[in-house]
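The structure under discussion appears below in the form of C-alpha coordinates.
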There are 2 protein chains.
Amino acid sequence: MQNAHGQVFLADCPTRLAVEIIAEKWAVIVLFALSLEPRRPGDLAGLIGGISGKVLTQTLRRLQAYGLVERQAYAEAPPRVEYRLTELGATLIKPITALTDWARENGEAIVDFQENHRPARP
Amino acid sequence: MQNAHGQVFLADCPTRLAVEIIAEKWAVIVLFALSLEPRRPGDLAGLIGGISGKVLTQTLRRLQAYGLVERQAYAEAPPRVEYRLTELGATLIKPITALTDWARENGEAIVDFQENHRPARP
DNA sequence: CAGTATCCATTTCGATACTG
DNA sequence: CAGTATCGAAATGGATACTG
(Lines give C-alpha, C1' and ligand atoms only; values in the text may rest on other atoms or scores of the structure.)
Protein backbone atom coordinates (compact mmCIF):
# COMPACT_ATOMS: atom_id res chain seq x y z
CA MET A 1 0.00 0.00 0.00
CA GLN A 2 1.31 3.42 -0.87
CA ASN A 3 0.53 7.00 -0.02
CA ALA A 4 0.45 10.00 -2.33
CA HIS A 5 4.22 10.13 -2.53
CA GLY A 6 4.65 6.53 -3.49
CA GLN A 7 5.99 5.56 -0.10
CA VAL A 8 4.99 2.35 1.54
CA PHE A 9 2.55 2.58 4.40
CA LEU A 10 4.16 0.85 7.32
CA ALA A 11 0.76 0.92 8.95
CA ASP A 12 -1.20 -0.94 6.33
CA CYS A 13 -4.83 -1.90 6.55
CA PRO A 14 -4.58 -5.23 8.36
CA THR A 15 -2.46 -3.61 11.02
CA ARG A 16 -5.10 -1.00 11.61
CA LEU A 17 -7.72 -3.68 11.91
CA ALA A 18 -5.65 -5.42 14.55
CA VAL A 19 -5.26 -2.17 16.43
CA GLU A 20 -8.98 -1.51 16.16
CA ILE A 21 -9.66 -4.87 17.76
CA ILE A 22 -7.22 -4.78 20.63
CA ALA A 23 -7.16 -1.05 21.32
CA GLU A 24 -9.92 -1.26 23.86
CA LYS A 25 -9.43 -1.34 27.57
CA TRP A 26 -10.75 -4.86 28.11
CA ALA A 27 -10.63 -6.69 24.79
CA VAL A 28 -7.23 -8.32 25.24
CA ILE A 29 -7.96 -9.24 28.82
CA VAL A 30 -11.27 -10.84 27.94
CA LEU A 31 -9.76 -12.82 25.08
CA PHE A 32 -6.99 -13.91 27.38
CA ALA A 33 -9.50 -14.97 30.02
CA LEU A 34 -11.37 -17.03 27.45
CA SER A 35 -8.27 -18.70 26.10
CA LEU A 36 -8.27 -21.54 28.63
CA GLU A 37 -11.91 -22.54 28.59
CA PRO A 38 -15.44 -21.25 27.94
CA ARG A 39 -16.71 -19.06 30.71
CA ARG A 40 -19.88 -17.46 31.95
CA PRO A 41 -20.11 -13.67 32.19
CA GLY A 42 -20.17 -13.75 35.97
CA ASP A 43 -17.05 -15.87 36.07
CA LEU A 44 -15.33 -13.57 33.63
CA ALA A 45 -16.15 -10.52 35.71
CA GLY A 46 -14.87 -12.18 38.87
CA LEU A 47 -11.77 -13.42 37.16
CA ILE A 48 -10.91 -10.12 35.56
CA GLY A 49 -11.90 -7.78 38.34
CA GLY A 50 -12.83 -4.15 38.00
CA ILE A 51 -15.02 -4.49 34.96
CA SER A 52 -18.69 -3.61 35.10
CA GLY A 53 -21.36 -5.87 33.66
CA LYS A 54 -22.27 -3.36 31.03
CA VAL A 55 -18.78 -2.93 29.70
CA LEU A 56 -18.16 -6.67 29.78
CA THR A 57 -21.24 -7.23 27.64
CA GLN A 58 -20.19 -4.47 25.27
CA THR A 59 -16.75 -5.97 24.89
CA LEU A 60 -18.14 -9.45 24.26
CA ARG A 61 -20.60 -8.10 21.70
CA ARG A 62 -17.86 -6.45 19.76
CA LEU A 63 -15.65 -9.51 19.84
CA GLN A 64 -18.66 -11.46 18.61
CA ALA A 65 -19.10 -9.03 15.74
CA TYR A 66 -15.51 -9.68 14.70
CA GLY A 67 -16.17 -13.41 14.78
CA LEU A 68 -13.65 -13.94 17.57
CA VAL A 69 -16.07 -15.03 20.28
CA GLU A 70 -19.16 -17.23 20.32
CA ARG A 71 -22.12 -17.01 22.65
CA GLN A 72 -24.00 -20.08 23.78
CA ALA A 73 -27.19 -19.79 25.79
CA TYR A 74 -28.77 -22.67 27.67
CA ALA A 75 -32.52 -22.80 28.16
CA GLU A 76 -32.48 -22.98 31.92
CA ALA A 77 -33.64 -21.02 34.89
CA PRO A 78 -31.80 -19.13 36.10
CA PRO A 79 -30.36 -18.39 32.68
CA ARG A 80 -26.94 -19.72 31.86
CA VAL A 81 -24.72 -18.35 29.12
CA GLU A 82 -21.24 -19.30 28.04
CA TYR A 83 -18.76 -17.50 25.87
CA ARG A 84 -15.94 -19.22 24.07
CA LEU A 85 -13.32 -18.36 21.50
CA THR A 86 -14.10 -19.21 17.91
CA GLU A 87 -11.50 -20.95 15.79
CA LEU A 88 -10.59 -17.54 14.44
CA GLY A 89 -10.46 -16.06 17.90
CA ALA A 90 -8.12 -18.80 19.05
CA THR A 91 -5.57 -17.71 16.46
CA LEU A 92 -5.27 -14.39 18.30
CA ILE A 93 -4.06 -16.03 21.48
CA LYS A 94 -0.54 -16.53 20.19
CA PRO A 95 0.15 -12.86 19.45
CA ILE A 96 -1.61 -11.87 22.66
CA THR A 97 0.61 -14.24 24.59
CA ALA A 98 3.63 -12.69 22.95
CA LEU A 99 2.42 -9.38 24.29
CA THR A 100 1.70 -10.58 27.81
CA ASP A 101 5.03 -12.35 27.94
CA TRP A 102 6.68 -9.12 26.94
CA ALA A 103 4.80 -7.32 29.68
CA ARG A 104 5.93 -9.78 32.30
CA GLU A 105 9.54 -9.46 31.21
CA ASN A 106 9.67 -5.70 30.74
CA GLY A 107 6.90 -4.29 32.87
CA GLU A 108 9.20 -3.56 35.76
CA ALA A 109 11.66 -1.71 33.56
CA ILE A 110 8.90 0.59 32.39
CA VAL A 111 7.67 1.30 35.89
CA ASP A 112 11.23 2.02 36.95
CA PHE A 113 11.72 4.39 34.06
CA GLN A 114 8.56 6.26 34.89
CA GLU A 115 9.59 6.66 38.52
CA ASN A 116 13.00 8.01 37.57
CA HIS A 117 11.61 10.48 35.07
CA ARG A 118 8.91 12.25 37.00
CA PRO A 119 7.45 15.36 35.33
CA ALA A 120 9.14 17.93 37.58
CA ARG A 121 11.00 18.05 40.87
CA PRO A 122 10.51 20.78 43.50
CA MET B 1 -2.12 -12.68 41.77
CA GLN B 2 -5.47 -13.52 43.27
CA ASN B 3 -8.80 -11.85 43.79
CA ALA B 4 -11.03 -11.91 46.82
CA HIS B 5 -12.16 -15.47 46.13
CA GLY B 6 -8.67 -16.85 45.84
CA GLN B 7 -8.91 -17.21 42.10
CA VAL B 8 -6.03 -16.38 39.84
CA PHE B 9 -6.27 -13.14 37.92
CA LEU B 10 -5.73 -14.04 34.33
CA ALA B 11 -5.35 -10.37 33.65
CA ASP B 12 -2.47 -9.62 35.97
CA CYS B 13 -0.75 -6.28 36.37
CA PRO B 14 1.88 -6.52 33.62
CA THR B 15 -0.81 -7.45 31.15
CA ARG B 16 -2.77 -4.36 32.02
CA LEU B 17 0.32 -2.25 31.58
CA ALA B 18 0.80 -3.68 28.11
CA VAL B 19 -2.81 -2.93 27.28
CA GLU B 20 -2.44 0.58 28.62
CA ILE B 21 0.49 1.13 26.29
CA ILE B 22 -0.92 -0.28 23.10
CA ALA B 23 -4.59 0.55 23.61
CA GLU B 24 -4.28 3.87 21.84
CA LYS B 25 -5.24 4.49 18.30
CA TRP B 26 -1.76 5.29 17.03
CA ALA B 27 0.74 3.87 19.51
CA VAL B 28 1.31 0.53 17.79
CA ILE B 29 1.48 2.13 14.37
CA VAL B 30 4.01 4.71 15.49
CA LEU B 31 6.19 2.09 17.16
CA PHE B 32 5.98 -0.01 14.05
CA ALA B 33 6.95 2.95 11.89
CA LEU B 34 9.96 3.60 14.09
CA SER B 35 11.09 -0.01 14.08
CA LEU B 36 13.17 0.27 10.91
CA GLU B 37 14.99 3.51 11.50
CA PRO B 38 14.80 6.84 13.34
CA ARG B 39 12.38 9.23 11.74
CA ARG B 40 11.36 12.85 11.84
CA PRO B 41 7.81 13.77 12.83
CA GLY B 42 6.99 14.94 9.33
CA ASP B 43 8.18 11.69 7.85
CA LEU B 44 6.18 9.73 10.39
CA ALA B 45 3.03 11.64 9.57
CA GLY B 46 3.49 11.09 5.84
CA LEU B 47 4.32 7.45 6.33
CA ILE B 48 1.40 6.75 8.60
CA GLY B 49 -1.22 8.89 6.98
CA GLY B 50 -4.34 10.27 8.60
CA ILE B 51 -2.72 11.37 11.83
CA SER B 52 -2.70 15.01 12.83
CA GLY B 53 0.44 16.70 14.09
CA LYS B 54 -1.04 17.23 17.50
CA VAL B 55 -1.97 13.62 18.04
CA LEU B 56 1.35 12.42 16.69
CA THR B 57 3.16 14.58 19.22
CA GLN B 58 0.88 13.35 21.99
CA THR B 59 1.54 9.76 21.09
CA LEU B 60 5.29 10.28 20.95
CA ARG B 61 5.27 12.07 24.30
CA ARG B 62 3.50 9.19 25.94
CA LEU B 63 5.82 6.62 24.41
CA GLN B 64 8.69 8.75 25.67
CA ALA B 65 7.21 8.71 29.15
CA TYR B 66 7.19 4.91 29.06
CA GLY B 67 10.83 4.93 28.01
CA LEU B 68 10.04 3.31 24.68
CA VAL B 69 10.99 6.21 22.42
CA GLU B 70 13.80 8.75 22.45
CA ARG B 71 13.78 12.26 21.10
CA GLN B 72 16.83 13.85 19.58
CA ALA B 73 16.84 17.50 18.55
CA TYR B 74 19.49 19.05 16.32
CA ALA B 75 20.41 22.71 16.72
CA GLU B 76 19.66 23.73 13.17
CA ALA B 77 17.39 26.04 11.28
CA PRO B 78 14.86 24.98 10.31
CA PRO B 79 14.63 22.74 13.35
CA ARG B 80 15.26 19.04 12.91
CA VAL B 81 14.09 16.40 15.31
CA GLU B 82 14.38 12.64 15.20
CA TYR B 83 12.61 9.98 17.17
CA ARG B 84 13.97 6.51 17.63
CA LEU B 85 13.15 3.43 19.65
CA THR B 86 15.01 2.94 22.88
CA GLU B 87 16.52 -0.42 23.68
CA LEU B 88 13.43 -1.12 25.75
CA GLY B 89 11.16 0.05 22.96
CA ALA B 90 12.87 -2.26 20.52
CA THR B 91 11.85 -5.24 22.62
CA LEU B 92 8.23 -4.42 21.87
CA ILE B 93 8.70 -4.89 18.15
CA LYS B 94 8.62 -8.65 18.32
CA PRO B 95 5.18 -8.92 19.94
CA ILE B 96 3.92 -6.15 17.70
CA THR B 97 5.14 -8.04 14.68
CA ALA B 98 3.33 -11.12 15.94
CA LEU B 99 0.22 -9.02 15.97
CA THR B 100 0.66 -7.49 12.54
CA ASP B 101 1.49 -10.89 11.08
CA TRP B 102 -1.71 -12.21 12.56
CA ALA B 103 -3.59 -9.30 11.02
CA ARG B 104 -2.18 -10.00 7.61
CA GLU B 105 -3.11 -13.66 7.83
CA ASN B 106 -6.56 -13.29 9.36
CA GLY B 107 -7.72 -9.80 8.50
CA GLU B 108 -9.65 -10.98 5.49
CA ALA B 109 -11.47 -13.65 7.49
CA ILE B 110 -12.67 -11.01 9.91
CA VAL B 111 -13.89 -8.69 7.20
CA ASP B 112 -15.68 -11.60 5.57
CA PHE B 113 -17.33 -12.52 8.84
CA GLN B 114 -18.52 -9.00 9.39
CA GLU B 115 -20.03 -8.82 5.91
CA ASN B 116 -21.89 -12.09 6.38
CA HIS B 117 -23.26 -11.13 9.77
CA ARG B 118 -24.76 -7.73 9.18
CA PRO B 119 -26.95 -6.35 11.99
CA ALA B 120 -30.31 -6.85 10.24
CA ARG B 121 -31.63 -7.63 6.77
CA PRO B 122 -34.66 -5.88 5.23
C1' DC C 1 -27.88 -14.51 36.30
C1' DA C 2 -27.61 -12.15 32.02
C1' DG C 3 -28.62 -8.23 29.85
C1' DT C 4 -30.51 -3.51 28.89
C1' DA C 5 -31.39 1.42 29.65
C1' DT C 6 -29.98 5.82 31.44
C1' DC C 7 -27.14 9.28 32.82
C1' DC C 8 -22.73 11.29 33.33
C1' DA C 9 -17.50 12.02 33.72
C1' DT C 10 -13.47 11.48 31.31
C1' DT C 11 -10.65 10.59 27.61
C1' DT C 12 -9.38 10.80 22.99
C1' DC C 13 -9.29 12.65 18.55
C1' DG C 14 -9.52 16.10 14.92
C1' DA C 15 -9.23 20.79 12.72
C1' DT C 16 -7.42 25.13 13.00
C1' DA C 17 -4.60 28.88 14.18
C1' DC C 18 -0.39 30.35 16.00
C1' DT C 19 4.77 30.62 17.88
C1' DG C 20 9.92 29.93 17.63
C1' DC D 1 9.52 22.14 10.51
C1' DA D 2 8.29 21.07 15.16
C1' DG D 3 5.38 22.04 18.63
C1' DT D 4 1.63 24.26 21.40
C1' DA D 5 -3.00 26.17 22.35
C1' DT D 6 -7.92 26.01 21.77
C1' DC D 7 -12.27 24.40 20.79
C1' DG D 8 -15.58 21.04 19.90
C1' DA D 9 -17.17 16.32 18.52
C1' DA D 10 -17.17 11.67 19.51
C1' DA D 11 -15.95 7.46 21.71
C1' DT D 12 -15.34 5.11 25.91
C1' DG D 13 -16.04 3.78 30.40
C1' DG D 14 -18.38 3.69 35.07
C1' DA D 15 -22.48 3.59 38.36
C1' DT D 16 -27.05 2.57 39.00
C1' DA D 17 -31.59 0.91 38.43
C1' DC D 18 -34.44 -2.21 36.13
C1' DT D 19 -36.37 -6.48 33.24
C1' DG D 20 -36.97 -11.49 31.93
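Please note that chains go A, B, ... in the order of the C-alpha coordinates, that every chain numbers its residues from 1, and that ligands are numbered from 1 in the order shown.
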- [ ] Find the spatial neighbours of DT6 of chain D, counting only C-alpha atoms (C1' of nucleotides), within a cut-off of 12 Å - ignore same-chain residues fewer than 2 positions away - and output them as a ChimeraX atom specification.
- [x] /B:54 /C:15-18 /D:4,8
May I have a table of the residues of chain A lying at most 6 Å from chain B, giving each one's closest pair of atoms and their distance in Å to one decimal, counting only C-alpha atoms, ordered by chain and ascending residue number, as JSON lines?
```
{"residue": "A:Phe9", "atom": "CA", "partner": "B:Leu47", "partner_atom": "CA", "distance": 5.5}
{"residue": "A:Leu10", "atom": "CA", "partner": "B:Ala33", "partner_atom": "CA", "distance": 5.7}
{"residue": "A:Ala11", "atom": "CA", "partner": "B:Ile29", "partner_atom": "CA", "distance": 5.6}
{"residue": "A:Pro14", "atom": "CA", "partner": "B:Ala103", "partner_atom": "CA", "distance": 5.0}
{"residue": "A:Thr15", "atom": "CA", "partner": "B:Thr100", "partner_atom": "CA", "distance": 5.2}
{"residue": "A:Ala18", "atom": "CA", "partner": "B:Ala103", "partner_atom": "CA", "distance": 5.6}
{"residue": "A:Ala23", "atom": "CA", "partner": "B:Ala23", "partner_atom": "CA", "distance": 3.8}
{"residue": "A:Glu24", "atom": "CA", "partner": "B:Ala23", "partner_atom": "CA", "distance": 5.6}
{"residue": "A:Ile29", "atom": "CA", "partner": "B:Ala11", "partner_atom": "CA", "distance": 5.6}
{"residue": "A:Ala33", "atom": "CA", "partner": "B:Leu10", "partner_atom": "CA", "distance": 5.8}
{"residue": "A:Leu47", "atom": "CA", "partner": "B:Phe9", "partner_atom": "CA", "distance": 5.6}
{"residue": "A:Ile48", "atom": "CA", "partner": "B:Ala11", "partner_atom": "CA", "distance": 5.9}
{"residue": "A:Tyr66", "atom": "CA", "partner": "B:Ile110", "partner_atom": "CA", "distance": 5.7}
{"residue": "A:Pro95", "atom": "CA", "partner": "B:Ala98", "partner_atom": "CA", "distance": 5.0}
{"residue": "A:Ala98", "atom": "CA", "partner": "B:Pro95", "partner_atom": "CA", "distance": 5.1}
{"residue": "A:Leu99", "atom": "CA", "partner": "B:Pro95", "partner_atom": "CA", "distance": 5.2}
{"residue": "A:Thr100", "atom": "CA", "partner": "B:Thr15", "partner_atom": "CA", "distance": 5.2}
{"residue": "A:Ala103", "atom": "CA", "partner": "B:Pro14", "partner_atom": "CA", "distance": 5.0}
{"residue": "A:Arg104", "atom": "CA", "partner": "B:Pro14", "partner_atom": "CA", "distance": 5.4}
{"residue": "A:Gly107", "atom": "CA", "partner": "B:Pro14", "partner_atom": "CA", "distance": 5.5}
{"residue": "A:Ile110", "atom": "CA", "partner": "B:Tyr66", "partner_atom": "CA", "distance": 5.7}
```
Open item on the list: I need the residues of chain A that end up classed as alpha helix (DSSP H) by DSSP on the backbone, written out as an MDAnalysis selection string.
Closed with: chainID A and resid 13:22 27:34 41:48 53:65 87:90 93:116
Open item on the list: Would you mind listing, as a list in words, all residues of chain A that have at least one atom within 10 Å of chain C, where only C-alpha atoms (C1' of nucleotides) are what counts?
Closed with: Arg40, Pro41, Gly42, Gly53, Lys54, Thr57, Ala73, Ala77, Pro78, Pro79, Arg80 and Val81 of chain A
Check segment 61-98 of chain A with DSSP on the backbone and list each residue it calls strand (DSSP E or B), as a PDB file with N, CA, C and O atoms, in the first residue's frame.
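In the end it all went to states38.pdb:
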```
ATOM      1  N   VAL A  69     -15.446 -14.428  19.113  1.00  0.00           N
ATOM      2  CA  VAL A  69     -16.067 -15.031  20.283  1.00  0.00           C
ATOM      3  C   VAL A  69     -17.460 -15.533  19.931  1.00  0.00           C
ATOM      4  O   VAL A  69     -18.163 -14.911  19.131  1.00  0.00           O
ATOM      5  N   GLU A  70     -17.838 -16.651  20.534  1.00  0.00           N
ATOM      6  CA  GLU A  70     -19.159 -17.227  20.322  1.00  0.00           C
ATOM      7  C   GLU A  70     -19.949 -17.214  21.614  1.00  0.00           C
ATOM      8  O   GLU A  70     -19.387 -17.402  22.690  1.00  0.00           O
ATOM      9  N   ARG A  71     -21.236 -17.030  21.474  1.00  0.00           N
ATOM     10  CA  ARG A  71     -22.117 -17.011  22.647  1.00  0.00           C
ATOM     11  C   ARG A  71     -23.030 -18.229  22.586  1.00  0.00           C
ATOM     12  O   ARG A  71     -23.627 -18.532  21.558  1.00  0.00           O
ATOM     13  N   GLN A  72     -23.122 -18.923  23.719  1.00  0.00           N
ATOM     14  CA  GLN A  72     -24.002 -20.076  23.777  1.00  0.00           C
ATOM     15  C   GLN A  72     -24.920 -19.937  24.979  1.00  0.00           C
ATOM     16  O   GLN A  72     -24.462 -19.830  26.119  1.00  0.00           O
ATOM     17  N   ALA A  73     -26.221 -19.947  24.712  1.00  0.00           N
ATOM     18  CA  ALA A  73     -27.195 -19.788  25.791  1.00  0.00           C
ATOM     19  C   ALA A  73     -27.896 -21.110  26.034  1.00  0.00           C
ATOM     20  O   ALA A  73     -28.286 -21.809  25.090  1.00  0.00           O
ATOM     21  N   TYR A  74     -28.051 -21.454  27.304  1.00  0.00           N
ATOM     22  CA  TYR A  74     -28.770 -22.674  27.673  1.00  0.00           C
ATOM     23  C   TYR A  74     -30.160 -22.307  28.176  1.00  0.00           C
ATOM     24  O   TYR A  74     -30.316 -21.329  28.918  1.00  0.00           O
ATOM     25  N   ARG A  80     -28.364 -19.430  31.882  1.00  0.00           N
ATOM     26  CA  ARG A  80     -26.936 -19.715  31.857  1.00  0.00           C
ATOM     27  C   ARG A  80     -26.401 -19.445  30.465  1.00  0.00           C
ATOM     28  O   ARG A  80     -27.001 -19.874  29.475  1.00  0.00           O
ATOM     29  N   VAL A  81     -25.319 -18.728  30.403  1.00  0.00           N
ATOM     30  CA  VAL A  81     -24.718 -18.347  29.123  1.00  0.00           C
ATOM     31  C   VAL A  81     -23.227 -18.607  29.196  1.00  0.00           C
ATOM     32  O   VAL A  81     -22.605 -18.386  30.236  1.00  0.00           O
ATOM     33  N   GLU A  82     -22.681 -19.090  28.102  1.00  0.00           N
ATOM     34  CA  GLU A  82     -21.237 -19.302  28.037  1.00  0.00           C
ATOM     35  C   GLU A  82     -20.650 -18.624  26.803  1.00  0.00           C
ATOM     36  O   GLU A  82     -21.260 -18.640  25.742  1.00  0.00           O
ATOM     37  N   TYR A  83     -19.497 -18.068  27.004  1.00  0.00           N
ATOM     38  CA  TYR A  83     -18.759 -17.501  25.871  1.00  0.00           C
ATOM     39  C   TYR A  83     -17.498 -18.311  25.655  1.00  0.00           C
ATOM     40  O   TYR A  83     -16.848 -18.732  26.609  1.00  0.00           O
ATOM     41  N   ARG A  84     -17.171 -18.484  24.390  1.00  0.00           N
ATOM     42  CA  ARG A  84     -15.937 -19.217  24.071  1.00  0.00           C
ATOM     43  C   ARG A  84     -15.287 -18.579  22.846  1.00  0.00           C
ATOM     44  O   ARG A  84     -15.952 -17.903  22.054  1.00  0.00           O
ATOM     45  N   LEU A  85     -14.010 -18.837  22.693  1.00  0.00           N
ATOM     46  CA  LEU A  85     -13.321 -18.361  21.499  1.00  0.00           C
ATOM     47  C   LEU A  85     -13.786 -19.165  20.295  1.00  0.00           C
ATOM     48  O   LEU A  85     -14.015 -20.366  20.387  1.00  0.00           O
TER      49      LEU A  85
END
```
TODO: Report as number ranges by chain the set of chain D residues whose atoms approach chain A to within 9 Å, with distances computed over only C-alpha atoms (C1' of nucleotides).
DONE: D: 12-15
Task: Separation of atom CA of Glu76 of chain B from atom C1' of DA2 of chain D, in Å and rounded to one decimal - done: 11.8 Å
